[in-house]
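Below: work_2.txt (compact mmCIF, C-alpha atoms)
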```
# COMPACT_ATOMS: atom_id res chain seq x y z
CA MET W 1 -1.25 56.57 -28.72
CA MET W 2 -1.72 55.53 -25.09
CA GLN W 3 -4.33 53.00 -26.18
CA ILE W 4 -1.90 51.50 -28.72
CA LYS W 5 0.88 51.27 -26.12
CA ALA W 6 -1.48 49.57 -23.69
CA SER W 7 -2.59 47.11 -26.37
CA ILE W 8 1.03 46.27 -27.27
CA LYS W 9 1.77 45.66 -23.60
CA LYS W 10 -1.31 43.43 -23.37
CA GLU W 11 -0.20 41.34 -26.35
CA LEU W 12 3.31 40.95 -24.94
CA LEU W 13 2.10 40.04 -21.45
CA ALA W 14 -0.43 37.56 -22.84
CA TYR W 15 2.29 35.85 -24.87
CA PHE W 16 4.79 35.80 -22.00
CA ARG W 17 2.47 34.77 -19.16
CA THR W 18 0.90 31.89 -21.05
CA GLY W 19 4.34 30.45 -21.71
CA LYS W 20 3.77 30.44 -25.48
CA LEU W 21 6.88 32.48 -26.19
CA VAL W 22 9.01 30.06 -24.19
CA ILE W 23 7.52 27.09 -26.04
CA LEU W 24 8.02 28.78 -29.39
CA THR W 25 11.63 29.67 -28.58
CA LEU W 26 12.38 26.09 -27.56
CA VAL W 27 10.79 24.79 -30.77
CA PHE W 28 12.75 27.16 -33.01
CA LEU W 29 16.12 26.69 -31.32
CA GLY W 30 15.63 23.00 -30.55
CA TRP W 31 14.49 22.03 -34.03
CA SER W 32 17.21 24.15 -35.63
CA MET W 33 19.83 22.14 -33.75
CA LEU W 34 18.04 18.82 -34.15
CA SER W 35 17.81 19.03 -37.96
CA PRO W 36 21.60 18.96 -38.57
CA LEU W 37 21.94 16.27 -35.92
CA LEU W 38 19.43 14.05 -37.73
CA ILE W 39 21.36 14.43 -40.98
CA ARG W 40 24.66 13.64 -39.30
CA SER W 41 23.10 10.66 -37.50
CA MET W 42 22.37 9.07 -40.85
CA GLY W 43 26.10 9.15 -41.59
CA TRP W 44 26.94 7.69 -38.19
CA ALA W 45 24.36 4.94 -38.66
CA MET W 46 25.75 4.00 -42.06
CA ASP W 47 29.26 3.88 -40.57
CA ALA W 48 28.06 1.56 -37.82
CA PHE W 49 26.40 -0.79 -40.31
CA GLY W 50 29.33 -0.62 -42.72
CA PRO W 51 30.36 -4.28 -42.30
CA ILE W 52 26.81 -5.40 -43.02
CA TYR W 53 26.73 -3.37 -46.22
CA ASP W 54 30.13 -4.84 -47.21
CA GLU W 55 28.82 -8.38 -46.76
CA MET W 56 25.88 -7.50 -49.00
CA GLY W 57 28.27 -6.20 -51.61
CA MET W 58 27.09 -2.63 -51.30
CA ASP W 59 29.54 0.26 -51.34
CA VAL W 60 28.01 3.09 -49.30
CA SER W 61 31.21 4.97 -48.59
CA GLY W 62 30.22 7.77 -50.96
CA VAL W 63 26.83 8.24 -49.31
CA THR W 64 28.39 8.06 -45.85
CA GLU W 65 30.85 10.77 -46.80
CA ILE W 66 28.06 13.01 -48.01
CA PHE W 67 26.18 12.72 -44.70
CA GLY W 68 29.30 13.35 -42.66
CA SER W 69 31.45 15.85 -44.50
CA ALA W 70 29.77 19.16 -45.34
CA ALA W 71 28.14 21.18 -42.57
CA SER W 72 26.11 23.07 -45.18
CA LEU W 73 23.93 19.98 -45.63
CA GLY W 74 22.80 20.15 -42.02
CA MET W 75 22.40 23.91 -42.23
CA THR W 76 20.16 23.60 -45.27
CA SER W 77 17.97 21.09 -43.45
CA ALA W 78 17.67 23.44 -40.46
CA VAL W 79 16.68 26.47 -42.57
CA SER W 80 14.10 24.33 -44.35
CA SER W 81 12.60 23.31 -41.00
CA LEU W 82 12.15 26.98 -40.02
CA GLY W 83 9.55 27.33 -42.74
CA GLY W 84 8.05 23.93 -41.98
CA VAL W 85 7.65 22.62 -38.44
CA CYS W 86 8.55 25.90 -36.71
CA LEU W 87 6.12 27.98 -38.77
CA ILE W 88 3.28 25.51 -38.23
CA VAL W 89 3.83 25.56 -34.45
CA MET W 90 3.87 29.35 -34.39
CA LEU W 91 0.68 29.72 -36.41
CA ILE W 92 -1.08 27.37 -34.04
CA LEU W 93 0.26 29.08 -30.90
CA ILE W 94 -0.91 32.55 -31.96
CA ASN W 95 -4.42 31.37 -32.77
CA SER W 96 -5.90 33.03 -29.71
CA HIS W 97 -4.22 36.32 -30.69
CA ALA W 98 -5.19 36.14 -34.37
CA GLY W 99 -8.93 36.45 -33.98
CA GLY W 100 -9.41 33.66 -31.45
CA GLU W 101 -10.42 36.17 -28.80
CA GLN W 102 -13.43 37.13 -30.90
CA LYS W 103 -14.80 33.61 -30.65
CA LYS W 104 -14.50 33.82 -26.86
CA ARG W 105 -16.24 37.23 -26.96
CA SER W 106 -13.42 38.74 -24.91
CA ILE W 107 -13.13 41.59 -27.40
CA MET W 108 -16.80 42.59 -27.28
CA MET W 109 -16.75 44.76 -24.16
CA PRO W 110 -13.48 46.55 -25.03
CA LYS W 111 -14.91 47.39 -28.47
CA SER W 112 -18.09 48.65 -26.85
CA ALA W 113 -16.03 50.72 -24.39
CA GLY W 114 -14.17 52.53 -27.15
CA LEU W 115 -11.31 50.25 -28.26
CA ARG W 116 -10.40 51.52 -31.71
CA SER W 117 -9.73 49.13 -34.57
CA VAL W 118 -6.19 50.43 -35.07
CA SER W 119 -5.42 49.80 -31.38
CA TYR W 120 -6.68 46.25 -31.77
CA ILE W 121 -4.95 45.38 -35.05
CA LEU W 122 -1.66 47.32 -35.02
CA PRO W 123 -0.18 45.72 -31.85
CA LYS W 124 -0.58 42.26 -33.36
CA PHE W 125 1.48 43.27 -36.40
CA VAL W 126 4.02 44.99 -34.17
CA VAL W 127 4.51 41.99 -31.86
CA TYR W 128 4.12 38.66 -33.65
CA PRO W 129 5.82 39.06 -37.08
CA PRO W 130 9.00 40.53 -35.49
CA ILE W 131 9.06 37.62 -33.02
CA ALA W 132 9.06 35.21 -35.97
CA PHE W 133 11.85 37.21 -37.62
CA VAL W 134 14.09 37.24 -34.53
CA LEU W 135 13.54 33.55 -33.80
CA ALA W 136 14.38 32.63 -37.40
CA ILE W 137 17.73 34.41 -37.13
CA ALA W 138 18.40 32.83 -33.72
CA GLY W 139 17.52 29.41 -35.14
CA SER W 140 19.87 29.96 -38.08
CA LEU W 141 22.73 30.81 -35.72
CA CYS W 142 22.05 27.76 -33.54
CA ALA W 143 21.99 25.53 -36.62
CA TRP W 144 25.29 27.02 -37.73
CA GLY W 145 26.92 26.25 -34.40
CA MET W 146 25.57 22.70 -34.26
CA SER W 147 26.55 21.95 -37.87
CA ALA W 148 30.07 23.29 -37.34
CA MET W 149 30.53 21.00 -34.33
CA ILE W 150 29.24 17.69 -35.65
CA PHE W 151 30.29 17.74 -39.32
CA ASP W 152 33.84 17.13 -40.51
CA TYR W 153 34.09 20.16 -42.77
CA ASN W 154 32.54 23.54 -42.03
CA ASP W 155 31.86 25.04 -45.45
CA ILE W 156 29.11 27.44 -44.32
CA PRO W 157 29.89 31.10 -45.14
CA PRO W 158 29.25 33.28 -42.04
CA ALA W 159 27.57 35.98 -44.14
CA GLY W 160 25.29 33.31 -45.61
CA VAL W 161 24.12 32.33 -42.12
CA TRP W 162 22.90 35.84 -41.38
CA VAL W 163 21.42 36.42 -44.83
CA GLY W 164 19.75 33.01 -44.78
CA GLY W 165 18.28 33.70 -41.36
CA VAL W 166 16.97 37.09 -42.47
CA LEU W 167 15.37 35.66 -45.61
CA ALA W 168 13.80 32.79 -43.66
CA GLY W 169 12.52 35.31 -41.12
CA VAL W 170 10.93 37.51 -43.78
CA SER W 171 9.31 34.44 -45.32
CA LEU W 172 7.80 33.51 -41.94
CA MET W 173 6.57 37.05 -41.37
CA ILE W 174 4.42 36.94 -44.52
CA TYR W 175 2.46 33.92 -43.30
CA VAL W 176 2.16 35.27 -39.75
CA CYS W 177 0.74 38.54 -41.11
CA ALA W 178 -1.63 36.61 -43.36
CA HIS W 179 -2.79 34.54 -40.36
CA ILE W 180 -3.48 37.69 -38.34
CA THR W 181 -5.36 39.30 -41.22
CA ILE W 182 -7.58 36.33 -42.06
CA GLY W 183 -8.11 35.41 -38.40
CA THR W 184 -9.11 38.88 -37.19
CA ALA W 185 -11.22 39.60 -40.26
CA SER W 186 -13.20 36.36 -40.04
CA GLY W 187 -13.05 35.67 -36.30
CA ARG W 188 -12.08 32.08 -37.15
CA ALA W 189 -8.47 31.64 -36.13
CA GLY W 190 -8.48 27.88 -36.63
CA MET W 191 -9.61 28.19 -40.23
CA SER W 192 -7.04 30.91 -40.79
CA ALA W 193 -4.23 28.71 -39.44
CA VAL W 194 -5.23 25.87 -41.76
CA ILE W 195 -5.28 28.19 -44.78
CA CYS W 196 -1.88 29.70 -43.97
CA ILE W 197 -0.27 26.33 -43.23
CA ALA W 198 -1.57 24.94 -46.52
CA ALA W 199 -0.36 28.04 -48.35
CA SER W 200 3.13 27.76 -46.83
CA LEU W 201 3.35 24.18 -48.09
CA LEU W 202 1.76 24.58 -51.53
CA VAL W 203 2.54 28.10 -52.76
CA PRO W 204 6.37 27.77 -52.94
CA SER W 205 6.01 24.43 -54.72
CA PHE W 206 3.56 25.96 -57.19
CA PHE W 207 5.98 28.74 -58.13
CA ALA W 208 8.84 26.25 -58.39
CA VAL W 209 6.83 24.11 -60.83
CA THR W 210 5.73 27.11 -62.92
CA GLY W 211 9.30 28.40 -63.18
CA ALA W 212 8.59 31.67 -61.35
CA GLU W 213 10.70 30.72 -58.35
CA HIS W 214 13.39 33.39 -58.75
CA VAL W 215 11.56 36.29 -60.37
CA TYR W 216 11.01 38.87 -57.62
CA ASN W 217 8.99 36.32 -55.71
CA PRO W 218 8.64 36.87 -51.94
CA PHE W 219 6.88 33.53 -51.49
CA THR W 220 10.01 31.56 -52.38
CA LEU W 221 12.38 33.36 -50.01
CA GLY W 222 12.52 30.18 -47.93
CA SER W 223 14.08 28.19 -50.76
CA VAL W 224 16.40 31.10 -51.57
CA ALA W 225 17.53 31.06 -47.92
CA GLU W 226 18.45 27.39 -48.29
CA SER W 227 20.62 28.13 -51.32
CA VAL W 228 22.31 31.05 -49.53
CA VAL W 229 23.52 28.92 -46.61
CA ASN W 230 24.67 26.10 -48.87
CA PRO W 231 27.44 27.07 -51.32
CA GLY W 232 26.91 23.75 -53.11
CA MET W 233 23.40 24.73 -54.21
CA LEU W 234 23.42 26.72 -57.41
CA SER W 235 20.90 29.54 -57.43
CA SER W 236 19.99 31.77 -60.34
CA THR W 237 18.68 34.46 -58.01
CA SER W 238 20.81 37.60 -58.04
CA PRO W 239 21.30 39.85 -54.98
CA ALA W 240 19.16 42.52 -56.67
CA GLU W 241 16.32 40.03 -57.13
CA ILE W 242 16.60 38.91 -53.51
CA LEU W 243 16.49 42.51 -52.27
CA MET W 244 13.50 43.31 -54.47
CA SER W 245 11.71 40.17 -53.23
CA VAL W 246 12.25 41.33 -49.63
CA VAL W 247 10.90 44.80 -50.47
CA ILE W 248 7.83 43.24 -52.13
CA ALA W 249 7.35 41.02 -49.07
CA LEU W 250 7.38 44.06 -46.77
CA GLY W 251 4.88 45.75 -49.06
CA ILE W 252 2.60 42.71 -48.86
CA MET W 253 2.74 42.86 -45.05
CA VAL W 254 1.72 46.52 -45.08
CA ILE W 255 -1.17 45.71 -47.42
CA LEU W 256 -2.26 42.85 -45.15
CA TYR W 257 -2.29 45.25 -42.18
CA PHE W 258 -4.56 47.71 -43.97
CA VAL W 259 -6.82 44.88 -45.14
CA ALA W 260 -7.16 43.69 -41.53
CA LEU W 261 -7.80 47.25 -40.36
CA PHE W 262 -10.41 47.83 -43.07
CA ALA W 263 -12.17 44.58 -42.18
CA GLN W 264 -12.39 45.62 -38.52
CA ASN W 265 -13.69 49.08 -39.38
CA ALA W 266 -16.30 47.51 -41.65
CA ARG W 267 -17.65 45.31 -38.88
CA LYS W 268 -20.22 46.96 -36.63
CA ILE W 269 -21.26 46.11 -33.09
CA ASP W 270 -24.92 45.10 -32.91
CA ASN W 271 -26.32 45.90 -29.45
CA SER W 272 -29.82 44.62 -30.17
CA GLY W 273 -31.09 41.49 -28.50
CA ASN W 274 -29.95 39.94 -25.25
CA GLU W 275 -26.22 39.84 -25.95
CA ILE W 276 -23.56 41.90 -27.61
CA ARG W 277 -22.59 40.51 -30.98
CA LEU W 278 -19.82 41.69 -33.28
```
How does this structure look as structure tokens?
Amino acid sequence: MMQIKASIKKELLAYFRTGKLVILTLVFLGWSMLSPLLIRSMGWAMDAFGPIYDEMGMDVSGVTEIFGSAASLGMTSAVSSLGGVCLIVMLILINSHAGGEQKKRSIMMPKSAGLRSVSYILPKFVVYPPIAFVLAIAGSLCAWGMSAMIFDYNDIPPAGVWVGGVLAGVSLMIYVCAHITIGTASGRAGMSAVICIAASLLVPSFFAVTGAEHVYNPFTLGSVAESVVNPGMLSSTSPAEILMSVVIALGIMVILYFVALFAQNARKIDNSGNEIRL
């Protein structure tokens, strides 16, 4: 237990002292507020160029109203960005903690000195997925505040903001856990990040095309989060299906932890030769 506590402290200190947590927080909160602002700016720009459109015989009043009226439009854009830009930045920033240290051989001596696999793997699952979850909720709240200020009509349900943030956070946690599992099992964090980024972009689209988007599917929680924060988006997903998808997602994370732990236990330290190799 002492070894696990020490490893958790090491992960936290490494993330704090390198400034990665500060960078990640700024990305999540900054992008969450920037996304609604970009949407609203399109309405402001169309208002400014209104006379030009009139001279061209184009009536853009309807489009301008769309970009300037409902705050839920900006909120939807922000929640979408949590699973896009913000997730990509996080996966890249935790590279050195998701198996990257193996490439630098900084884990060789601790393993030789008795560092157990569970003390190496468990702290990563305890620290990084919850950070993604908390930042997703914080980003959702910041997007809510920004959208309410700059749009004419605040139609965002407060309960939807929290639920949307939670669902977006759970969605992010799946890919963070997958990154840790693949990275620590292979020792190739860069490859793992590429795989997880590609999966986050392609897997939800695949399920949407195949029609399995709302059938107890934890990989489409991001799109469900967008529909929750926007009352104008019709969703066929029931609360029971959403809850079951979250439960399945948590089960997948537990499975990924045991896969990562099994992979570490299966790898042996070879002390032959002139250097220690894992």
Region 142-230 of chain W residues near region 243-258 of chain W within 9 Å, closest pair each, using only C-alpha atoms, as a tab-separated table:
```
residue	atom	partner	partner_atom	distance
W:Leu167	CA	W:Val246	CA	7.6
W:Val170	CA	W:Val246	CA	7.1
W:Ser171	CA	W:Ala249	CA	7.8
W:Met173	CA	W:Met253	CA	7.9
W:Ile174	CA	W:Met253	CA	6.2
W:Cys177	CA	W:Met253	CA	6.2
W:Ala178	CA	W:Leu256	CA	6.5
W:Ile180	CA	W:Tyr257	CA	8.6
W:Thr181	CA	W:Leu256	CA	6.1
W:Ile182	CA	W:Leu256	CA	9.0
W:His214	CA	W:Ser245	CA	8.9
W:Val215	CA	W:Ser245	CA	8.1
W:Tyr216	CA	W:Ser245	CA	4.6
W:Asn217	CA	W:Ser245	CA	5.3
W:Pro218	CA	W:Ser245	CA	4.7
W:Phe219	CA	W:Ala249	CA	7.9
W:Thr220	CA	W:Ser245	CA	8.8
W:Leu221	CA	W:Ser245	CA	7.6
```
Inset, instruction - Using only C-alpha atoms, determine which residues lie at most 9 Å from region 8-13 of chain W, disregarding the query and same-chain residues fewer than 5 positions distant; provide the list as a VMD selection string. - result: chain W and resid 3 18 97 119 to 120 122 to 124 126 to 128
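We find CA of Glu241 (chain W) and CA of Gly160 (chain W) to be spaced 16.1 Å apart.
Of the listed residues (W:Gly99, W:Gly83, W:Gly19, W:Gly74), W:Gly83 comes nearest to Ser223 (chain W); the distances count only C-alpha atoms.
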Inset, instruction - Neighbourhood query: residues within 6 Å of (-1.7, 34.0, -37.2), file coordinates, counting all atoms listed in the file; return as a PyMOL selection string. - result: chain W and resi 91+94-95+98+176+179-180
Inset, instruction - Could you give me, as a count of residues only, the residues within 6 Å of Ser72 (chain W), counting all atoms listed in the file and dropping anything in the same chain fewer than 4 positions from it? - result: 3
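Closest approach to Ile131 (chain W) among W:Ala266, W:Ala71, W:Val22, W:Ile4 is made by W:Val22 (distances from all atoms listed in the file).
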Legend entry - Nearest to Phe133 (chain W) by atom-to-atom distance, counting only C-alpha atoms, from W:Ile88, W:Trp162, W:Ala168, W:Val259: W:Ala168
